[in-house]
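S.K.: As input, take coords-v1.cif (mmCIF, C-alpha atoms):
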data_query
#
loop_
_atom_site.group_PDB
_atom_site.id
_atom_site.type_symbol
_atom_site.label_atom_id
_atom_site.label_comp_id
_atom_site.auth_asym_id
_atom_site.auth_seq_id
_atom_site.Cartn_x
_atom_site.Cartn_y
_atom_site.Cartn_z
ATOM 1 C CA GLY A 1175 13.139 -45.954 -78.795
ATOM 2 C CA LEU A 1176 13.601 -48.577 -81.461
ATOM 3 C CA ASP A 1177 15.386 -51.182 -79.336
ATOM 4 C CA LEU A 1178 12.494 -51.395 -76.829
ATOM 5 C CA ARG A 1179 9.410 -50.934 -79.001
ATOM 6 C CA GLY A 1180 10.575 -51.915 -82.447
ATOM 7 C CA GLY A 1181 10.015 -49.785 -85.507
ATOM 8 C CA VAL A 1182 11.807 -48.752 -88.659
ATOM 9 C CA HIS A 1183 15.066 -46.942 -89.324
ATOM 10 C CA PHE A 1184 15.706 -45.229 -92.674
ATOM 11 C CA MET A 1185 18.819 -43.516 -94.003
ATOM 12 C CA LEU A 1186 17.909 -41.170 -96.864
ATOM 13 C CA GLN A 1187 20.284 -39.278 -99.139
ATOM 14 C CA VAL A 1188 19.462 -35.916 -100.734
ATOM 15 C CA ASP A 1189 20.349 -35.584 -104.428
ATOM 16 C CA MET A 1190 22.520 -32.466 -104.188
ATOM 17 C CA GLN A 1191 23.486 -32.510 -107.876
ATOM 18 C CA ALA A 1192 19.811 -32.288 -108.855
ATOM 19 C CA ALA A 1193 19.320 -29.351 -106.460
ATOM 20 C CA LEU A 1194 22.280 -27.502 -108.004
ATOM 21 C CA THR A 1195 21.129 -28.281 -111.545
ATOM 22 C CA LYS A 1196 17.657 -26.931 -110.725
ATOM 23 C CA LYS A 1197 19.258 -23.747 -109.322
ATOM 24 C CA ALA A 1198 21.333 -23.368 -112.516
ATOM 25 C CA GLU A 1199 18.167 -23.777 -114.631
ATOM 26 C CA SER A 1200 16.455 -21.090 -112.596
ATOM 27 C CA LEU A 1201 19.426 -18.727 -112.915
ATOM 28 C CA ALA A 1202 19.588 -19.301 -116.695
ATOM 29 C CA GLY A 1203 15.943 -18.265 -117.029
ATOM 30 C CA ASP A 1204 16.468 -15.236 -114.788
ATOM 31 C CA LEU A 1205 19.542 -14.227 -116.810
ATOM 32 C CA ARG A 1206 17.616 -14.514 -120.076
ATOM 33 C CA THR A 1207 14.866 -12.247 -118.672
ATOM 34 C CA ALA A 1208 17.349 -9.718 -117.256
ATOM 35 C CA LEU A 1209 19.255 -9.494 -120.555
ATOM 36 C CA ARG A 1210 15.984 -8.970 -122.446
ATOM 37 C CA ASP A 1211 14.887 -6.260 -119.975
ATOM 38 C CA LYS A 1212 18.199 -4.395 -120.342
ATOM 39 C CA ASN A 1213 18.084 -4.860 -124.137
ATOM 40 C CA ILE A 1214 21.465 -6.593 -124.182
ATOM 41 C CA ARG A 1215 21.869 -8.706 -127.307
ATOM 42 C CA HIS A 1216 23.428 -12.124 -127.043
ATOM 43 C CA GLY A 1217 23.999 -15.123 -129.284
ATOM 44 C CA GLY A 1218 22.268 -17.581 -127.005
ATOM 45 C CA ILE A 1219 22.157 -18.829 -123.439
ATOM 46 C CA SER A 1220 22.783 -22.487 -122.723
ATOM 47 C CA ARG A 1221 23.351 -24.569 -119.643
ATOM 48 C CA ASP A 1222 26.357 -26.843 -119.299
ATOM 49 C CA GLY A 1223 25.761 -28.933 -116.193
ATOM 50 C CA GLN A 1224 25.666 -26.430 -113.351
ATOM 51 C CA ALA A 1225 27.107 -23.554 -115.397
ATOM 52 C CA VAL A 1226 25.340 -21.069 -117.656
ATOM 53 C CA GLU A 1227 27.042 -20.086 -120.900
ATOM 54 C CA ILE A 1228 26.216 -16.847 -122.724
ATOM 55 C CA ARG A 1229 27.544 -16.149 -126.214
ATOM 56 C CA VAL A 1230 28.101 -12.536 -127.264
ATOM 57 C CA ARG A 1231 29.409 -10.978 -130.497
ATOM 58 C CA ASP A 1232 31.832 -8.315 -129.238
ATOM 59 C CA GLU A 1233 33.703 -7.053 -126.194
ATOM 60 C CA ALA A 1234 31.228 -4.244 -125.495
ATOM 61 C CA MET A 1235 28.393 -6.764 -125.091
ATOM 62 C CA LEU A 1236 30.694 -9.016 -123.052
ATOM 63 C CA THR A 1237 31.332 -6.137 -120.648
ATOM 64 C CA ALA A 1238 27.614 -5.290 -120.486
ATOM 65 C CA VAL A 1239 26.707 -8.918 -119.673
ATOM 66 C CA ARG A 1240 29.495 -9.176 -117.084
ATOM 67 C CA ASN A 1241 28.317 -5.961 -115.393
ATOM 68 C CA LEU A 1242 24.714 -7.202 -115.344
ATOM 69 C CA VAL A 1243 25.760 -10.493 -113.740
ATOM 70 C CA THR A 1244 27.877 -8.664 -111.154
ATOM 71 C CA ASP A 1245 25.041 -6.231 -110.303
ATOM 72 C CA GLN A 1246 22.033 -8.546 -110.258
ATOM 73 C CA PHE A 1247 23.343 -12.086 -109.692
ATOM 74 C CA ALA A 1248 25.510 -12.124 -106.581
ATOM 75 C CA ASP A 1249 25.479 -15.951 -106.496
ATOM 76 C CA LEU A 1250 27.331 -16.208 -109.823
ATOM 77 C CA GLN A 1251 30.983 -15.843 -110.733
ATOM 78 C CA THR A 1252 32.031 -15.372 -114.348
ATOM 79 C CA THR A 1253 34.886 -16.296 -116.633
ATOM 80 C CA SER A 1254 35.106 -15.378 -120.312
ATOM 81 C CA SER A 1255 36.959 -16.776 -123.259
ATOM 82 C CA PRO A 1256 37.157 -15.918 -126.967
ATOM 83 C CA GLU A 1257 35.488 -18.433 -129.249
ATOM 84 C CA GLY A 1258 36.297 -17.677 -132.885
ATOM 85 C CA THR A 1259 35.014 -14.170 -133.616
ATOM 86 C CA GLU A 1260 32.648 -14.272 -130.639
ATOM 87 C CA PHE A 1261 33.076 -14.480 -126.887
ATOM 88 C CA LYS A 1262 31.680 -16.954 -124.405
ATOM 89 C CA LEU A 1263 30.900 -15.910 -120.833
ATOM 90 C CA ARG A 1264 30.619 -18.822 -118.418
ATOM 91 C CA ALA A 1265 28.738 -18.137 -115.165
ATOM 92 C CA THR A 1266 29.061 -20.663 -112.352
ATOM 93 C CA ILE A 1267 27.511 -20.744 -108.899
ATOM 94 C CA LYS A 1268 29.920 -19.485 -106.227
ATOM 95 C CA PRO A 1269 31.065 -22.055 -103.623
ATOM 96 C CA GLU A 1270 29.298 -20.263 -100.741
ATOM 97 C CA ALA A 1271 26.068 -20.104 -102.787
ATOM 98 C CA THR A 1272 26.485 -23.816 -103.590
ATOM 99 C CA ARG A 1273 26.637 -24.610 -99.865
ATOM 100 C CA GLN A 1274 23.571 -22.441 -99.286
ATOM 101 C CA VAL A 1275 21.610 -24.303 -102.006
ATOM 102 C CA GLN A 1276 22.666 -27.641 -100.496
ATOM 103 C CA ASP A 1277 21.692 -26.578 -96.962
ATOM 104 C CA GLN A 1278 18.332 -25.349 -98.234
ATOM 105 C CA ALA A 1279 17.725 -28.629 -100.086
ATOM 106 C CA LEU A 1280 18.504 -30.618 -96.931
ATOM 107 C CA LYS A 1281 16.252 -28.458 -94.736
ATOM 108 C CA GLN A 1282 13.434 -28.589 -97.278
ATOM 109 C CA ASN A 1283 13.648 -32.386 -97.393
ATOM 110 C CA MET A 1284 13.575 -32.594 -93.608
ATOM 111 C CA VAL A 1285 10.439 -30.399 -93.449
ATOM 112 C CA THR A 1286 8.780 -32.549 -96.114
ATOM 113 C CA LEU A 1287 9.657 -35.714 -94.191
ATOM 114 C CA HIS A 1288 8.235 -34.185 -90.979
ATOM 115 C CA ASN A 1289 4.952 -33.462 -92.748
ATOM 116 C CA ARG A 1290 4.758 -36.964 -94.197
ATOM 117 C CA ILE A 1291 5.548 -38.608 -90.865
ATOM 118 C CA ASN A 1292 2.777 -36.587 -89.215
ATOM 119 C CA GLU A 1293 0.484 -38.292 -91.725
ATOM 120 C CA LEU A 1294 1.581 -41.660 -90.301
ATOM 121 C CA GLY A 1295 0.683 -40.538 -86.782
ATOM 122 C CA VAL A 1296 3.960 -41.692 -85.251
ATOM 123 C CA ALA A 1297 4.683 -40.533 -81.702
ATOM 124 C CA GLU A 1298 8.188 -39.159 -81.157
ATOM 125 C CA PRO A 1299 9.779 -39.748 -84.569
ATOM 126 C CA VAL A 1300 13.486 -38.955 -84.988
ATOM 127 C CA ILE A 1301 14.453 -36.960 -88.070
ATOM 128 C CA GLN A 1302 17.997 -35.663 -88.055
ATOM 129 C CA GLN A 1303 20.771 -34.679 -90.409
ATOM 130 C CA GLN A 1304 23.719 -37.021 -90.739
ATOM 131 C CA GLY A 1305 26.703 -35.692 -92.630
ATOM 132 C CA LEU A 1306 26.315 -33.192 -95.449
ATOM 133 C CA ASP A 1307 23.632 -34.915 -97.496
ATOM 134 C CA ARG A 1308 21.934 -37.630 -95.448
ATOM 135 C CA ILE A 1309 18.887 -37.747 -93.207
ATOM 136 C CA VAL A 1310 18.201 -40.403 -90.574
ATOM 137 C CA VAL A 1311 14.546 -41.214 -89.919
ATOM 138 C CA GLN A 1312 13.507 -43.452 -87.010
ATOM 139 C CA LEU A 1313 9.862 -44.337 -86.550
ATOM 140 C CA PRO A 1314 9.307 -46.185 -83.256
ATOM 141 C CA GLY A 1315 6.302 -48.468 -83.072
ATOM 142 C CA VAL A 1316 5.726 -48.610 -86.848
ATOM 143 C CA GLN A 1317 5.274 -52.213 -87.972
ATOM 144 C CA ASP A 1318 4.230 -51.721 -91.609
ATOM 145 C CA THR A 1319 7.595 -50.890 -93.166
ATOM 146 C CA ALA A 1320 6.230 -51.011 -96.732
ATOM 147 C CA LYS A 1321 3.630 -48.320 -95.953
ATOM 148 C CA ALA A 1322 6.224 -46.150 -94.174
ATOM 149 C CA LYS A 1323 8.656 -46.518 -97.079
ATOM 150 C CA ASP A 1324 5.897 -45.659 -99.563
ATOM 151 C CA ILE A 1325 4.851 -42.510 -97.677
ATOM 152 C CA LEU A 1326 8.418 -41.283 -97.136
ATOM 153 C CA GLY A 1327 9.585 -42.046 -100.659
ATOM 154 C CA ARG A 1328 6.727 -40.809 -102.789
ATOM 155 C CA THR A 1329 7.311 -37.973 -105.203
ATOM 156 C CA ALA A 1330 5.719 -34.632 -104.457
ATOM 157 C CA THR A 1331 3.830 -33.111 -107.354
ATOM 158 C CA LEU A 1332 2.588 -29.625 -108.019
ATOM 159 C CA GLU A 1333 -0.247 -29.156 -110.461
ATOM 160 C CA VAL A 1334 -0.911 -25.808 -112.129
ATOM 161 C CA ARG A 1335 -4.200 -25.159 -113.901
ATOM 162 C CA LEU A 1336 -5.345 -22.129 -115.839
ATOM 163 C CA VAL A 1337 -8.564 -20.597 -114.601
ATOM 164 C CA ASP A 1338 -11.062 -18.941 -116.930
ATOM 165 C CA GLU A 1339 -12.159 -15.878 -114.996
ATOM 166 C CA GLY A 1340 -14.318 -14.634 -117.869
ATOM 167 C CA THR A 1341 -17.336 -16.715 -116.910
ATOM 168 C CA GLU A 1342 -19.114 -17.300 -113.670
ATOM 169 C CA ALA A 1343 -18.697 -20.726 -112.059
ATOM 170 C CA ARG A 1344 -22.419 -21.623 -112.133
ATOM 171 C CA ALA A 1345 -22.747 -20.629 -115.793
ATOM 172 C CA ALA A 1346 -19.690 -22.722 -116.694
ATOM 173 C CA GLU A 1347 -21.051 -25.661 -114.689
ATOM 174 C CA THR A 1348 -24.360 -25.666 -116.566
ATOM 175 C CA GLY A 1349 -22.622 -25.337 -119.898
#
Would you write the structure of this file as C-alpha cells?
M.R.:
Amino acid sequence: GLDLRGGVHFMLQVDMQAALTKKAESLAGDLRTALRDKNIRHGGISRDGQAVEIRVRDEAMLTAVRNLVTDQFADLQTTSSPEGTEFKLRATIKPEATRQVQDQALKQNMVTLHNRINELGVAEPVIQQQGLDRIVVQLPGVQDTAKAKDILGRTATLEVRLVDEGTEARAAETG
C-alpha cells in the first residue's frame, strides 16, 4: 500500500472519558425521569464526574431509590453514605458496562471514519483498531494531507428544528 504508492497514515485516539461522561449524563437524566414517574422524592440529583449522586431525606427513600436503580438500571452499581441528617446514594457505571461503552465509542468512530473516507473516494483504505482506544487510518494514493486531515477531523453536528405543523407549507411560504 503506502510504501509503493504513497499516501497518508493517521493514528487517531478516541476520547473515552468524554464517552463515559456522556453516558453518565444520559443515566442522570433517565434516573431523574424514573424517580419522577415512581413518585420517589429526592433532594437533588447531581453528577460528579462519571458518577451520579442522589440525595434523599430518610432510609425509606434510600431503599426505594436503591431498588429502582437495581430494577431499571442494570449498568449502575450503588453505594450509600449518611450525610448529616440526609443520605447520599452514589451510582457508578459498572466495569463491564464501562467496557461496553468504550467498545461502542470505538466502533462508532470507526463507522464515522469509514463514511468520511468514502467521501474522499479512496480505493482500499485501511481503518483498524490499535489497542483499546486508538484507530489507525491509512489512505493510499492520497496526496492532499491537509484535505484528508480536515475531512477526518471535523466535528459532526446534529441540528434539531421545531416544525410548525399547524399551517400548510405553501401558506407559510407566502406569509
S.K.: Restricting the calculation to all atoms listed in the file, which member of A:Arg1328, A:Glu1342, A:Asp1307, A:Gln1187 is positioned closest to Val1275 of chain A?
M.R.: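 Smallest distance to Val1275 of chain A is found for A:Asp1307.
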S.K.: Can you work out the spacing between atom CA of Val1334 of chain A and atom CA of Gln1246 of chain A in Å, to one decimal?
M.R.: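 A separation of 28.8 Å between them.
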S.K.: Restricting the calculation to all atoms listed in the file, which member of A:Ile1309, A:Leu1205, A:Val1316, A:Met1190 is positioned closest to Ala1297 of chain A?
M.R.: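 For Ala1297 of chain A, the nearest of the candidates is A:Val1316.
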S.K.: Could you jot down the atom CA of Arg1231 of chain A to atom CA of Leu1250 of chain A separation for me, Å, one decimal place?
M.R.: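 Going from atom CA of Arg1231 of chain A over to atom CA of Leu1250 of chain A, I get 21.4 Å.
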S.K.: One number please: atom CA of Thr1266 of chain A to atom CA of Val1226 of chain A, in Å, one decimal.
M.R.: 6.5 Å
S.K.: I'd like to know which of A:Gln1274, A:Pro1314, A:Lys1268, A:Leu1326 is closest to His1288 of chain A, using all atoms listed in the file.
M.R.: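 Using all atoms listed in the file, the shortest distance to His1288 of chain A belongs to A:Leu1326.
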S.K.: Can you work out which one of A:Gln1191, A:Thr1253, A:Phe1261, A:Val1243 has the shortest atom-to-atom distance to Gly1218 of chain A, counting only C-alpha atoms?
M.R.: A:Phe1261
S.K.: Which residues, written as number ranges by chain, have at least one atom at most 12 Å from Thr1207 of chain A, with all atoms listed in the file counted and residues fewer than 5 positions away on the same chain left out?
M.R.: A: 1200-1202, 1212-1216, 1219, 1242, 1246
S.K.: Counting all atoms listed in the file, what is within 12 Å of Thr1286 of chain A, bar same-chain residues fewer than 5 positions away, as a list in words?
M.R.: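 Here the qualifying residues turn out to be Ala1279, Leu1280, Lys1281, Ile1291, Asn1292, Glu1293, Ile1301, Ile1309, Ile1325, Leu1326, Gly1327, Arg1328, Thr1329 and Ala1330 of chain A.
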S.K.: Under the PyMOL selection byres ((chain A and resi 1259) around 12), which residues of this model are included? Write them out as a short mmCIF file (atom, residue, chain, number, x, y, z; two decimals) with C-alpha atoms, in the coordinates of the input.
M.R.:
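Ended up saving to expr-v6.cif:
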data_model
loop_
_atom_site.label_atom_id
_atom_site.label_comp_id
_atom_site.auth_asym_id
_atom_site.auth_seq_id
_atom_site.Cartn_x
_atom_site.Cartn_y
_atom_site.Cartn_z
CA GLY A 1217 24.00 -15.12 -129.28
CA ARG A 1229 27.54 -16.15 -126.21
CA VAL A 1230 28.10 -12.54 -127.26
CA ARG A 1231 29.41 -10.98 -130.50
CA ASP A 1232 31.83 -8.32 -129.24
CA GLU A 1233 33.70 -7.05 -126.19
CA SER A 1255 36.96 -16.78 -123.26
CA PRO A 1256 37.16 -15.92 -126.97
CA GLU A 1257 35.49 -18.43 -129.25
CA GLY A 1258 36.30 -17.68 -132.88
CA GLU A 1260 32.65 -14.27 -130.64
CA PHE A 1261 33.08 -14.48 -126.89
CA LYS A 1262 31.68 -16.95 -124.40
#
S.K.: Rank A:Ala1248, A:Gln1276, A:Val1296, A:Arg1221 by their smallest atom-to-atom distance to Arg1264 of chain A, using only C-alpha atoms, and report the top residue only.
M.R.: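 Closest to Arg1264 of chain A, using only C-alpha atoms: A:Arg1221.
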S.K.: Looking at A:Val1285, A:Val1310, A:Met1235, A:Ala1225, which one is nearest to Thr1272 of chain A, with distances taken over only C-alpha atoms?
M.R.: A:Ala1225
S.K.: Scan for residues within 6 Å of the point (32.5, -12.6, -120.2) in the coordinates of the file, using only C-alpha atoms, and reply as a list in words.
M.R.: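 Residues close enough to count: Leu1236, Arg1240, Thr1253, Ser1254 and Leu1263 of chain A.
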S.K.: Would you save the residues of that selection, restricted to C-alpha atoms, as a PDB file, in the coordinates of the input?
M.R.:
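Output below, filename out.pdb:
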ATOM      1  CA  LEU A1236      30.694  -9.016-123.052  1.00  0.00           C
ATOM      2  CA  ARG A1240      29.495  -9.176-117.084  1.00  0.00           C
ATOM      3  CA  THR A1253      34.886 -16.296-116.633  1.00  0.00           C
ATOM      4  CA  SER A1254      35.106 -15.378-120.312  1.00  0.00           C
ATOM      5  CA  LEU A1263      30.900 -15.910-120.833  1.00  0.00           C
TER       6      LEU A1263
END
S.K.: Can you tell me which residues surround Ala1322 of chain A at a distance of at most 10 Å, considering all atoms listed in the file, apart from same-chain residues fewer than 6 positions away, and format the answer as a compact mmCIF listing (two decimals) with C-alpha atoms, keeping the file's coordinate frame?
M.R.:
# COMPACT_ATOMS: atom_id res chain seq x y z
CA VAL A 1182 11.81 -48.75 -88.66
CA PHE A 1184 15.71 -45.23 -92.67
CA ARG A 1290 4.76 -36.96 -94.20
CA ILE A 1291 5.55 -38.61 -90.86
CA LEU A 1294 1.58 -41.66 -90.30
CA LEU A 1313 9.86 -44.34 -86.55
CA VAL A 1316 5.73 -48.61 -86.85
